[in-house]
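Asks: For reference, the structure I am asking about is given below.
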There are 2 protein chains.
Amino acid sequence: MAEHTARERLREAAFALFEERGYEGTTVDDVTERAGVGRTTFFRTFRSKEDVIFPDHEALLAAVRARLAGSTRETAPVAIREAARLVLLHYLDEGDLALARYRLTRSVPALRDRESTGTLQYQRVFREFAHAWMGGGEDTALRAELLAAAVVTAHNHVLRRWLRGLTRRPEAEFDAAMAGTVALFSEPPAGDGTGSIVVFRTAKDLDAVLPALRGLLGEPG
Amino acid sequence: MAEHTARERLREAAFALFEERGYEGTTVDDVTERAGVGRTTFFRTFRSKEDVIFPDHEALLAAVRARLAGSTRETAPVAIREAARLVLLHYLDEGDLALARYRLTRSVPALRDRESTGTLQYQRVFREFAHAWMGGGEDTALRAELLAAAVVTAHNHVLRRWLRGLTRRPEAEFDAAMAGTVALFSEPPAGDGTGSIVVFRTAKDLDAVLPALRGLLGEPG
DNA sequence: AGAATTAAGGTACTTAGTACCACGACCGGA
DNA sequence: TCCGGTCGTGGTACTAAGTACCTTAATTCT
């Protein structure tokens, strides 16, 4: 179990050096030297120099996939919210480490790109499950993609606000943002296929139109 | 203007070799050898080995930015649609080249990642302009992000369908997809701020509720 | 024609990442 | 206790992308 120690030492050495000399100004040899391990060990522990910044990305992605895989069409909305929440909570849990990563990804284009592809992997997972839940047909492909994009975007938005210190209640904000966005793309009622989704704007107040709407829709008991 | 020739020769040699031996199995030296130019010229013409696959990404991004910059809040929806359409048309115009790129990006993870970060750059541009048009406040940041994500997602969806040979009318599909998505995120009517956006589902037919809706909303002349 | 600027090639170097081998610790079995 | 295997680790050597710098040919301006 010296693996654990080596991994930790490498990660700490890397973050420290990246802050001191910058990411590009630090070589892998510098990191291994400070960590007191061999160069080979670095590339055995992390696939690449960038990977040391995103050490548990794969695990987190797998967790999201597992959370979604354990769900069905009926529980899809809550599964999606909770899977995304899983990611948020992971970052919140990291604390300072997440902040250090944020500083790096903001200042180093290569790392920002790397992080972007990471979030797109989440998006892809959400899309695949959402599309499967929608039946997998070509007609629902776009909606699944839009849903996945919206989920990831909303998550990243809240996460970024927290990383910038703009909120102290990230979970609450996340719930609010997620509820608003997922609702837009959720599935129409299954069945006869004659239903409609209506989106409209009005200059009137919501309370003014609500009673009439209820009447219009029949408001079944 | 021998620049043009060298650039063209490099691009053709690169695509040919990538198809023959695969992307990873081809070195930059291989490409320059077939193109009959020096190695230095390659890296002067393209910033990296990956760049040869996406030669005019920067120019296209600038075109999008220019199209958006020449617009105002009032014309925002059409500007966004046309800016995105600009990108689509560029790819349609490329024809076989776009198809070759698609084959490569599908099979080589590094290239897929690279393309992803490219699309995210578009998304970023859309977001910035959309957010500015919404006033730039924190309260509209999420909506701007969602809008940008939706625009890029819809564009990519249609583009991919065309690349896969699933449609012969990409422009028409694009217009349809774009109209549906942009409408969801467009700005509420400016003014007193008392208006509402209503989204609801009904099992009834659209025609059945439409007359009542018109009456409800006052249908001003 | 001669000088100056520009485009291209060549050489040498740095660094990420890979392949392969060697050494030592630990561990089960004879 | 010794022996043989495996595993974690380090070392060496290599490939290939990307950079820095210098040189040379072509073109243009005076």
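Following the order of the structure tokens, chains are lettered A, B, ..., residues in each are numbered from 1, and ligands are numbered from 1.
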Give the residues of chain D that lie within 12 Å of chain B; count only C-alpha atoms (C1' of nucleotides), and format the answer as an mmCIF file with C-alpha atoms (C1' of nucleotides), in the first residue's frame.
Replies:
data_model
loop_
_atom_site.group_PDB
_atom_site.id
_atom_site.type_symbol
_atom_site.label_atom_id
_atom_site.label_comp_id
_atom_site.auth_asym_id
_atom_site.auth_seq_id
_atom_site.Cartn_x
_atom_site.Cartn_y
_atom_site.Cartn_z
ATOM 1 C "C1'" DT D 15 9.961 7.772 -30.251
ATOM 2 C "C1'" DA D 16 7.732 11.786 -31.617
ATOM 3 C "C1'" DA D 17 5.725 16.524 -30.974
ATOM 4 C "C1'" DG D 18 6.909 20.993 -30.561
ATOM 5 C "C1'" DT D 19 10.439 25.007 -30.057
ATOM 6 C "C1'" DA D 20 14.576 27.897 -30.928
ATOM 7 C "C1'" DC D 21 17.823 29.344 -33.815
ATOM 8 C "C1'" DA D 26 13.636 34.168 -53.552
ATOM 9 C "C1'" DT D 27 11.439 38.424 -54.060
#
Asks: If we count only C-alpha atoms (C1' of nucleotides), which residues of chain B reach to within 12 Å of chain C? Please list them as JSON, numbers by chain.
Replies: {"B": [1, 2, 3, 6, 32, 36, 37, 38, 39, 40, 41, 42, 43, 44, 45]}
Asks: Check stretch 92-204 of chain B with DSSP on the backbone and list each residue it calls strand (DSSP E or B), as number ranges by chain.
Replies: B: 196-202
Asks: Considering only C-alpha atoms, can you say which of A:Arg73, A:Arg168, A:Arg114, A:Arg124 comes closest to chain B?
Replies: A:Arg114
Asks: May I have the residues within 12 Å of B:Ala66 as a ChimeraX atom specification, using only C-alpha atoms (C1' of nucleotides) and disregarding those fewer than 5 positions away in the same chain?
Replies: /B:59-61,71,79-80,82-84,86,125-126,129
Asks: Taking C-alpha atoms for each residue, export the selection above as a short mmCIF file (atom, residue, chain, number, x, y, z; two decimals), in the first residue's frame.
Replies:
data_model
loop_
_atom_site.label_atom_id
_atom_site.label_comp_id
_atom_site.auth_asym_id
_atom_site.auth_seq_id
_atom_site.Cartn_x
_atom_site.Cartn_y
_atom_site.Cartn_z
CA ALA B 59 -11.37 31.72 -39.13
CA LEU B 60 -14.80 30.21 -38.69
CA LEU B 61 -14.85 31.17 -35.05
CA SER B 71 -26.02 42.61 -34.04
CA ALA B 79 -28.26 36.73 -35.33
CA ILE B 80 -27.76 33.61 -33.27
CA GLU B 82 -27.53 32.88 -38.68
CA ALA B 83 -24.23 32.69 -36.89
CA ALA B 84 -24.80 29.02 -36.20
CA LEU B 86 -22.72 30.03 -40.90
CA VAL B 125 -18.83 32.91 -27.98
CA PHE B 126 -22.58 32.41 -28.11
CA PHE B 129 -22.95 37.60 -26.63
#
Asks: Once you count only C-alpha atoms, what closest atom pair and distance in Å to one decimal does each residue of stretch 107-189 of chain A within 8 Å of stretch 136-151 of chain B have, with rows by chain and rising residue number, as CSV?
Replies:
residue,atom,partner,partner_atom,distance
A:Leu146,CA,B:Ala150,CA,5.9
A:Ala149,CA,B:Ala149,CA,6.2
A:Ala150,CA,B:Leu146,CA,5.9
A:Thr153,CA,B:Leu146,CA,6.3
A:Ala154,CA,B:Leu142,CA,6.9
A:His157,CA,B:Leu142,CA,6.5
Asks: For atom CA of B:Gly165 and atom CA of B:Leu104, determine how far apart the two atoms are, in Å to one decimal place.
Replies: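 Result for atom CA of B:Gly165 versus atom CA of B:Leu104: 16.1 Å, one decimal.
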